[in-house]
Amino acid sequence: MEEAGKKKALKRLLILAGTQMILIAFFVWLLDPFYQYHAPFFGMDAVLNDRDNQMPGTIRNFDYDSVLVGSSLAENFDSAFLDGTYGCSTLKIIRASGSVADLLYYLDMAEEERELKNVFWCLDIPAVYAPVEVTLYGKDTPRYLHTKTVLDDLPYLYNKEILMEKIPAMLAYAHEGINTKGQAYNWARDKQFGPARAMLAYDRGNIDSGEMIVQRDFPEEAVLIARNIQLLTEQVSSHPRTRYRFLIPPLSLLWWDCAYVNGEQDMRIYALDQAVSALLSCENAEVYYFQNEESIVCNLDYYMDMVHYSPDISRYMLDQMSAGHNRVDAGNWKETLACLRELAARISREEIYRYYEAAYE
Amino acid sequence: MLFNSVIFITIFLPLGLLGWFLLQKLENPFPAKLFLVGMSFWFYGYYNEFYLWILLASLAGNYFVSLLLAGRRRPGQRKVLAACGILGNLGLLFYFKYFHFFIDNCNFFFHTDIRLEKIALPLGISFFTFQQLSFVIERYRENAPHYALIDYAFFVSFFPQLVAGPIVLHSELLPQLTRRENRRFSPGDFYDGITLFILGLAKKVLLADSLAVLVNAEYGNLAALDTPAAWITIVWYMMELYFDFSGYCDMARGIARMFGFWLPENFDSPFRAASVREFWRRWHMTLSRFLSRYVYIPLGGNRKGRARQCLNLLVVFLVSGLWHGADWTFVLWGLMHGLAVAFETAFPKLRFPREWMNRLATGVFVTLSFSIFRSDSLEAAGLLWSRLFTAGNRGMLLGVCNTLVFPENYAAVKFLGMKAPGLLNPFFLGCFLLLSALGIGLIRGQKAEEWIRKKGHTWAGAFCLATLFTWSFISLSQVSVFLYFNF
């Protein structure tokens with residue numbers, strides 16, 4: 001080919017490649033599965049099924065005045081129920097670990113542009129003794145999620161997985177009404193709950209019912225507990241116009257027995273006590289407590305592993321909270337805690353064996 | 001830095017081209033050369049700064065030897081200097097690439113317990129060491145002048161060929177650096193370069209990486225393979241390796257072309273070879289040229305009788321095996337090729353009557369030998385070969401095909417999974433057949449440059465090229481490294 005012919009061919013190639021690149025970027029911008037640029041157009045329901053990737057975008061670009069915060073234990077809560085009950089518009093803010101530091105990072109992001117009316121916080125006990133560093137931007141996390149600039153958005157706009165997986169999935173989910181409205185991030189679909197499934201997640205080892213396991217000291221965890229509680233109380237007290245409602249979810253008897261077997265039962269109860277006591281001292285905070293619900297905690301029909309309960313329990317917790325039930329205060333907390341100690345001891349002494357015996361039968 | 005990365009395509013390459021051609025407008029070419037050398041160092045040190053120091057040390061050492069050779073006329077002195085240069089290069093390579101292998105074997109054979117910290121293998125060390133080795137030898141033979149430092153640094157570090165070749169000779173690259181017409185931007189060169197780059201990128205990102213999905217899954221699951229699955233795995237690996245390395249070489253040559261430089265070809269339809277000897281004239285041609293020039297011929301080549309020639313060939317291929325990696329699998333692979341070429345040399349008339357039979361036999365041999373090359377150990381290679389010949393047919397073919405899940409077929413897989421699960425297996429089989437046909441068709445088809453010359457200038461050709469580029473570019477979120485970076 002002559003030089004002039006090549007020049008012409010080059011021009012054609014650049015025009016066509018440039019057009020394709022512009023069309024791809026426009027298409028991704030328009031449908032925006034991570035909501036990096038905008039909430040859904042054309043009255044489409046937002047599909048929220050990819051929490052770590054969608055969280056920063058939804059926090060920045062959605063319209064809401066309240067948030068439901070927590071770990072995977074909060075994902076099955078119906079936020080539409082909260083909207084109806086409390087007259088608000090609620091966005092779910094979820095971090096798998098429920099890490100206080102990570103959730104506060106998201107909350108700070110949410111509070112940059114609005115004052116929140118309500119924060120509904122499903123507080124896992126493990127989150128109270130989790131590391132206090134923000135873990136959201138590791139080496140595998142796309143940078144563009146956490147920055148406002150568009151300069152680092154190329155891996156989002158030009159990404160085969162976004163174009164060929166995320167967008168089709170989003171359209172299909174929107175069509176089927178999955179993970180839309182109050183069911184954002186709900187994972188309960190197709191999951192099995194019950195003892196057979198839950199017991200797969202726990203191996204107690206060969207420990208006799210009469211065997212006493214010494215519970216260990218926990219100086220390192222005590223430091224983490226203090227730091228996490230400080231982060232929590234600072235957050236609550238620095239936003240006096242926001243109403244904080246903390247829900248302490250019911251973790252199963254497997255989780256409590258595991259705590260005992262690993263010598264961590266005292267530490268976990270201490271973490272819970274410290275957290276609840278500190279939160280109860282905040283004027284704009286309410287604590288709703290479900291850990292002593294023996295009919296739930298000791299019934300594995302409601303669980304799929306040590307901690308994840310069925311949507312029925314999620315719904316029950318919200319019902320109870322909205323009715324003002326299960327609330328603890330400074331006056332009844334110590335008594336409630338004493339009941340927990342008794343329950344935890346009984347779990348490892350008796351309750352757990354119901355399931356082991358059932359398994360062996 | 002990888003050619004198949006967003007940063008390379010969107011920042012590094014445009015910046016490099018812009019700087020290179022803008023600086024060429026100056027009368028003095030030095031700033032442009034300095035700029036390109038600087039860009040090459042950035043390219044090389046992007047992932048690991050430490051690697052850059054090794055490259056610089058190697059470059060400085062060889063340049064110093066060249067400088068000393070410039071002032072020496074006496075053969076004895078020159079021989080000592082050349083020997084120092086050669087030993088220095090081989091020593092560097094030995095330390096970073098073979099020292100662990102050496103110690104492991106000492107421990108195994110002499111029952112010692114020498115422990116060693118892990119030594120990181122600098123990217124492409126085999127390539128830039130061989131390139132400089134050739135330069136030192138040519139300097140000794142007085143076939144190469146002593147270049148200015150900036151020119152020599154350019155020769156060694158020119159980024160398109162730095163980490164995985166082609167292994168370029170000084171006489172090929174450096175005269176181009178001083179040529180007047182190379183200092184002007186040429187739309188023709190740029191077109192040739194960018195089209196070659198796009199085809200190389202597509203070979204790597206769309207084909208090799210797709211083939212790798214099955215290959216990696218099955219090589220991680222050797223014990224479970226039946227015979228058909230094992231054969232599919234090794235054939236797909238052969239195709240993956242070809243598209244990966246030839247794709248890289250196309251990209252390297254394309255990038256060099258955009259800057260106005262020609263790099264030598266490394267592949268010439270290798271699967272059309274009708275003998276193993278011919279295969280090596282078509283596969284990784286610049287390595288074959290290096291080994292022929294600096295190992296085979298100095299050993300005596302074919303000048304000392306047939307038996308000695310066969311021995312020389314065996315040595316060459318053992319060196320080639322070791323060059324590819326510090327493991328007994330590579331030694332065995334080299335030995336197999338050496339024996340095959342020696343056999344062909346010793347019995348040149350022992351051939352199949354038809355050409356296609358010879359091609360098929362060569363293809364089967366090469367595929368079998370490269371299955372060892374891919375294996376993690378001799379045990380794994382043994383296991384794979386036992387699967388290839390004795391595992392029978394346990395109906396694993398569909399299971400193998402089911403590993404082929406890509407973003408491209410994600411929506412269809414999900415849809416069929418929900419609405420017609422019974423069609424999933426036929427669908428995956430279809431994906432397998434399509435990719436196999438595409439791979440084999442491209443291997444047997446015309447070379448990339450021929451296709452560009454014939455079709456690239458039409459609207460349809462330009463649309464194909466543009467689509468291949470955008471499709472490859474959106475695939476870069478799943479970045480993978482090139483197989484030949486390890487060698």
# chains A, B, ... in the order shown; residues from 1 in each chain; ligands from 1
>>> residues_around(residues="range 8-11 of chain A", least_positions_apart="6", cutoff="12 Å", atoms="only C-alpha atoms", output="list of chain:residue names")
A:Met1, A:Glu2, A:Ala17, A:Gly18, B:Ser186, B:Pro187, B:Gly188, B:Asp189, B:Phe190, B:Tyr191, B:Asp192, B:Gly193, B:Ile194, B:Thr195, B:Ile452, B:Arg453, B:Lys454, B:Lys455, B:Gly456, B:His457, B:Thr458, B:Trp459, B:Ala460, B:Gly461, B:Ala462, B:Phe463, B:Leu465, B:Ala466
>>> interface_residues(of="chain A", to="chain B", cutoff="8 Å", atoms="only C-alpha atoms", output="list in words")
Met1, Glu2, Glu3, Ala4, Gly5, Lys6, Lys7, Lys8, Ala9, Leu10, Arg12, Leu13, Leu14, Leu16, Ala17, Gln20, Met21, Leu154, Pro155, Tyr158, Asn159, Lys160, Glu161, Met164, Glu165, Pro168 and Ala169 of chain A
>>> residues_around(residues="range 421-433 of chain B", least_positions_apart="2", cutoff="7 Å", atoms="only C-alpha atoms", output="list in words")
Leu398, Cys401, Asn402, Leu404, Val413, Leu416, Gly417, Met418, Lys419, Leu435, Ser436 and Ala437 of chain B
>>> write_last_selection(atoms="C-alpha atoms", output="short mmCIF file (atom, residue, chain, number, x, y, z; two decimals), in the first residue's frame")
data_model
loop_
_atom_site.label_atom_id
_atom_site.label_comp_id
_atom_site.auth_asym_id
_atom_site.auth_seq_id
_atom_site.Cartn_x
_atom_site.Cartn_y
_atom_site.Cartn_z
CA LEU B 398 -17.96 -31.91 28.68
CA CYS B 401 -15.62 -27.56 28.16
CA ASN B 402 -17.60 -26.30 31.16
CA LEU B 404 -15.04 -21.99 29.43
CA VAL B 413 -24.70 -19.05 30.46
CA LEU B 416 -29.51 -21.01 29.89
CA GLY B 417 -28.80 -21.89 33.52
CA MET B 418 -32.18 -20.46 34.50
CA LYS B 419 -34.34 -21.25 31.49
CA LEU B 435 -12.44 -21.47 19.97
CA SER B 436 -10.65 -24.57 18.69
CA ALA B 437 -11.68 -23.82 15.12
#
>>> select_by_dssp(residues="range 73-258 of chain A", states="helix (DSSP H, G or I)", output="PyMOL selection string")
chain A and resi 73-74+79-86+100-111+125-128+143-146+154-157+160-176+181-183+195-199+219-237+253-258
>>> atom_distance(atom1="CA of Met1 in chain B", atom2="CA of Leu92 in chain B")
22.5 Å
>>> closest_residue(among="A:Ile229, A:Leu31, A:Leu116, A:Ala271", to="Leu68 in chain A", atoms="only C-alpha atoms")
A:Leu116
>>> residues_around(residues="Leu59 in chain B", least_positions_apart="4", cutoff="12 Å", atoms="only C-alpha atoms", output="MDAnalysis selection string")
chainID B and resid 41 52:55 63:66 85 88:89 92 125 128:133 135:136 149:157
>>> write_last_selection(atoms="C-alpha atoms", output="PDB file, in the first residue's frame")
ATOM      1  CA  PHE B  41      13.808   2.564  31.953  1.00  0.00           C
ATOM      2  CA  LEU B  52      16.046  -1.574  36.801  1.00  0.00           C
ATOM      3  CA  TRP B  53      19.235  -1.474  38.852  1.00  0.00           C
ATOM      4  CA  ILE B  54      20.156  -4.937  37.576  1.00  0.00           C
ATOM      5  CA  LEU B  55      19.536  -3.851  34.002  1.00  0.00           C
ATOM      6  CA  TYR B  63      29.592  -1.130  27.884  1.00  0.00           C
ATOM      7  CA  PHE B  64      32.755  -1.032  29.953  1.00  0.00           C
ATOM      8  CA  VAL B  65      33.979  -4.252  28.342  1.00  0.00           C
ATOM      9  CA  SER B  66      33.234  -2.752  24.932  1.00  0.00           C
ATOM     10  CA  GLY B  85      32.341 -10.061  29.367  1.00  0.00           C
ATOM     11  CA  GLY B  88      30.015 -11.672  33.558  1.00  0.00           C
ATOM     12  CA  ASN B  89      26.820 -12.035  31.537  1.00  0.00           C
ATOM     13  CA  LEU B  92      24.535 -12.676  36.180  1.00  0.00           C
ATOM     14  CA  ILE B 125      16.904 -11.080  32.064  1.00  0.00           C
ATOM     15  CA  PHE B 128      18.760  -8.622  27.525  1.00  0.00           C
ATOM     16  CA  THR B 129      21.644 -10.817  28.671  1.00  0.00           C
ATOM     17  CA  PHE B 130      21.704 -12.767  25.394  1.00  0.00           C
ATOM     18  CA  GLN B 131      21.434  -9.557  23.421  1.00  0.00           C
ATOM     19  CA  GLN B 132      24.459  -8.095  25.200  1.00  0.00           C
ATOM     20  CA  LEU B 133      26.316 -11.378  25.010  1.00  0.00           C
ATOM     21  CA  PHE B 135      27.273  -7.686  21.274  1.00  0.00           C
ATOM     22  CA  VAL B 136      30.349  -8.532  23.351  1.00  0.00           C
ATOM     23  CA  LEU B 149      26.786   5.247  25.562  1.00  0.00           C
ATOM     24  CA  ILE B 150      23.342   6.626  24.686  1.00  0.00           C
ATOM     25  CA  ASP B 151      23.218   4.488  21.539  1.00  0.00           C
ATOM     26  CA  TYR B 152      24.266   1.385  23.418  1.00  0.00           C
ATOM     27  CA  ALA B 153      21.730   2.096  26.177  1.00  0.00           C
ATOM     28  CA  PHE B 154      19.094   2.452  23.483  1.00  0.00           C
ATOM     29  CA  PHE B 155      20.116  -0.869  21.898  1.00  0.00           C
ATOM     30  CA  VAL B 156      19.785  -2.747  25.169  1.00  0.00           C
ATOM     31  CA  SER B 157      16.787  -1.005  26.681  1.00  0.00           C
TER      32      SER B 157
END
>>> decode(residues="range 50-145 of chain A", atoms="C-alpha atoms", output="mmCIF file, in the first residue's frame")
data_model
loop_
_atom_site.group_PDB
_atom_site.id
_atom_site.type_symbol
_atom_site.label_atom_id
_atom_site.label_comp_id
_atom_site.auth_asym_id
_atom_site.auth_seq_id
_atom_site.Cartn_x
_atom_site.Cartn_y
_atom_site.Cartn_z
ATOM 1 C CA ASP A 50 -22.736 -5.895 44.434
ATOM 2 C CA ARG A 51 -22.174 -4.113 47.693
ATOM 3 C CA ASP A 52 -18.474 -3.255 47.686
ATOM 4 C CA ASN A 53 -18.574 -1.948 44.135
ATOM 5 C CA GLN A 54 -21.888 -0.131 44.383
ATOM 6 C CA MET A 55 -21.601 1.316 47.870
ATOM 7 C CA PRO A 56 -19.503 4.442 47.170
ATOM 8 C CA GLY A 57 -21.575 5.366 44.106
ATOM 9 C CA THR A 58 -24.934 4.920 45.828
ATOM 10 C CA ILE A 59 -23.777 6.891 48.857
ATOM 11 C CA ARG A 60 -22.656 9.780 46.649
ATOM 12 C CA ASN A 61 -25.446 9.828 44.093
ATOM 13 C CA PHE A 62 -28.657 8.493 45.611
ATOM 14 C CA ASP A 63 -31.344 10.546 47.284
ATOM 15 C CA TYR A 64 -31.872 9.495 50.943
ATOM 16 C CA ASP A 65 -32.056 10.924 54.423
ATOM 17 C CA SER A 66 -31.473 7.809 56.526
ATOM 18 C CA VAL A 67 -29.180 4.829 56.377
ATOM 19 C CA LEU A 68 -29.275 1.218 57.441
ATOM 20 C CA VAL A 69 -25.755 0.229 58.398
ATOM 21 C CA GLY A 70 -24.260 -3.163 59.089
ATOM 22 C CA SER A 71 -22.684 -6.385 57.918
ATOM 23 C CA SER A 72 -24.169 -9.210 55.898
ATOM 24 C CA LEU A 73 -26.502 -9.713 58.863
ATOM 25 C CA ALA A 74 -28.230 -6.465 57.878
ATOM 26 C CA GLU A 75 -28.477 -7.206 54.180
ATOM 27 C CA ASN A 76 -31.827 -8.971 54.398
ATOM 28 C CA PHE A 77 -33.518 -6.151 56.268
ATOM 29 C CA ASP A 78 -36.261 -4.570 54.219
ATOM 30 C CA SER A 79 -35.355 -0.888 54.108
ATOM 31 C CA ALA A 80 -38.759 -0.108 52.593
ATOM 32 C CA PHE A 81 -40.287 -1.161 55.895
ATOM 33 C CA LEU A 82 -38.137 1.415 57.678
ATOM 34 C CA ASP A 83 -39.195 4.061 55.154
ATOM 35 C CA GLY A 84 -42.849 3.317 55.811
ATOM 36 C CA THR A 85 -42.496 3.114 59.570
ATOM 37 C CA TYR A 86 -40.213 6.067 60.221
ATOM 38 C CA GLY A 87 -41.233 8.256 57.279
ATOM 39 C CA CYS A 88 -37.786 8.410 55.787
ATOM 40 C CA SER A 89 -35.852 7.337 52.732
ATOM 41 C CA THR A 90 -33.272 4.744 53.683
ATOM 42 C CA LEU A 91 -30.099 3.623 51.929
ATOM 43 C CA LYS A 92 -28.371 0.420 52.972
ATOM 44 C CA ILE A 93 -24.698 0.792 53.800
ATOM 45 C CA ILE A 94 -23.134 -2.629 54.120
ATOM 46 C CA ARG A 95 -19.637 -3.920 54.727
ATOM 47 C CA ALA A 96 -19.251 -7.704 54.840
ATOM 48 C CA SER A 97 -17.178 -7.687 58.004
ATOM 49 C CA GLY A 98 -19.345 -5.043 59.661
ATOM 50 C CA SER A 99 -16.080 -3.314 60.579
ATOM 51 C CA VAL A 100 -16.835 -0.114 62.486
ATOM 52 C CA ALA A 101 -13.987 1.761 60.795
ATOM 53 C CA ASP A 102 -15.159 0.808 57.301
ATOM 54 C CA LEU A 103 -18.776 1.656 58.023
ATOM 55 C CA LEU A 104 -17.764 5.000 59.507
ATOM 56 C CA TYR A 105 -15.798 5.720 56.341
ATOM 57 C CA TYR A 106 -19.013 5.229 54.390
ATOM 58 C CA LEU A 107 -21.021 7.237 56.907
ATOM 59 C CA ASP A 108 -18.595 10.142 56.617
ATOM 60 C CA MET A 109 -19.073 9.974 52.860
ATOM 61 C CA ALA A 110 -22.858 10.024 53.287
ATOM 62 C CA GLU A 111 -22.732 12.929 55.720
ATOM 63 C CA GLU A 112 -20.574 15.036 53.440
ATOM 64 C CA GLU A 113 -23.612 16.265 51.562
ATOM 65 C CA ARG A 114 -26.559 15.723 53.885
ATOM 66 C CA GLU A 115 -27.583 15.535 57.468
ATOM 67 C CA LEU A 116 -29.001 12.123 58.240
ATOM 68 C CA LYS A 117 -32.282 11.805 60.094
ATOM 69 C CA ASN A 118 -31.838 8.201 61.162
ATOM 70 C CA VAL A 119 -29.035 5.704 61.340
ATOM 71 C CA PHE A 120 -30.227 2.130 61.845
ATOM 72 C CA TRP A 121 -27.119 0.189 62.781
ATOM 73 C CA CYS A 122 -27.112 -3.586 63.011
ATOM 74 C CA LEU A 123 -24.080 -3.960 65.263
ATOM 75 C CA ASP A 124 -22.399 -7.383 65.192
ATOM 76 C CA ILE A 125 -20.490 -8.324 68.292
ATOM 77 C CA PRO A 126 -17.380 -9.304 66.232
ATOM 78 C CA ALA A 127 -17.319 -5.789 64.787
ATOM 79 C CA VAL A 128 -16.635 -4.434 68.270
ATOM 80 C CA TYR A 129 -13.295 -6.238 68.499
ATOM 81 C CA ALA A 130 -12.379 -5.988 64.807
ATOM 82 C CA PRO A 131 -9.310 -4.030 63.588
ATOM 83 C CA VAL A 132 -9.837 -0.282 63.559
ATOM 84 C CA GLU A 133 -8.147 0.400 60.233
ATOM 85 C CA VAL A 134 -10.192 1.180 57.159
ATOM 86 C CA THR A 135 -9.830 -1.794 54.820
ATOM 87 C CA LEU A 136 -11.831 -0.548 51.876
ATOM 88 C CA TYR A 137 -9.095 0.312 49.447
ATOM 89 C CA GLY A 138 -6.806 -2.673 49.173
ATOM 90 C CA LYS A 139 -4.678 -3.514 46.200
ATOM 91 C CA ASP A 140 -7.529 -5.320 44.464
ATOM 92 C CA THR A 141 -10.047 -2.545 44.996
ATOM 93 C CA PRO A 142 -10.603 -0.349 41.954
ATOM 94 C CA ARG A 143 -9.387 3.151 42.759
ATOM 95 C CA TYR A 144 -12.128 4.845 40.798
ATOM 96 C CA LEU A 145 -14.746 3.703 43.304
#
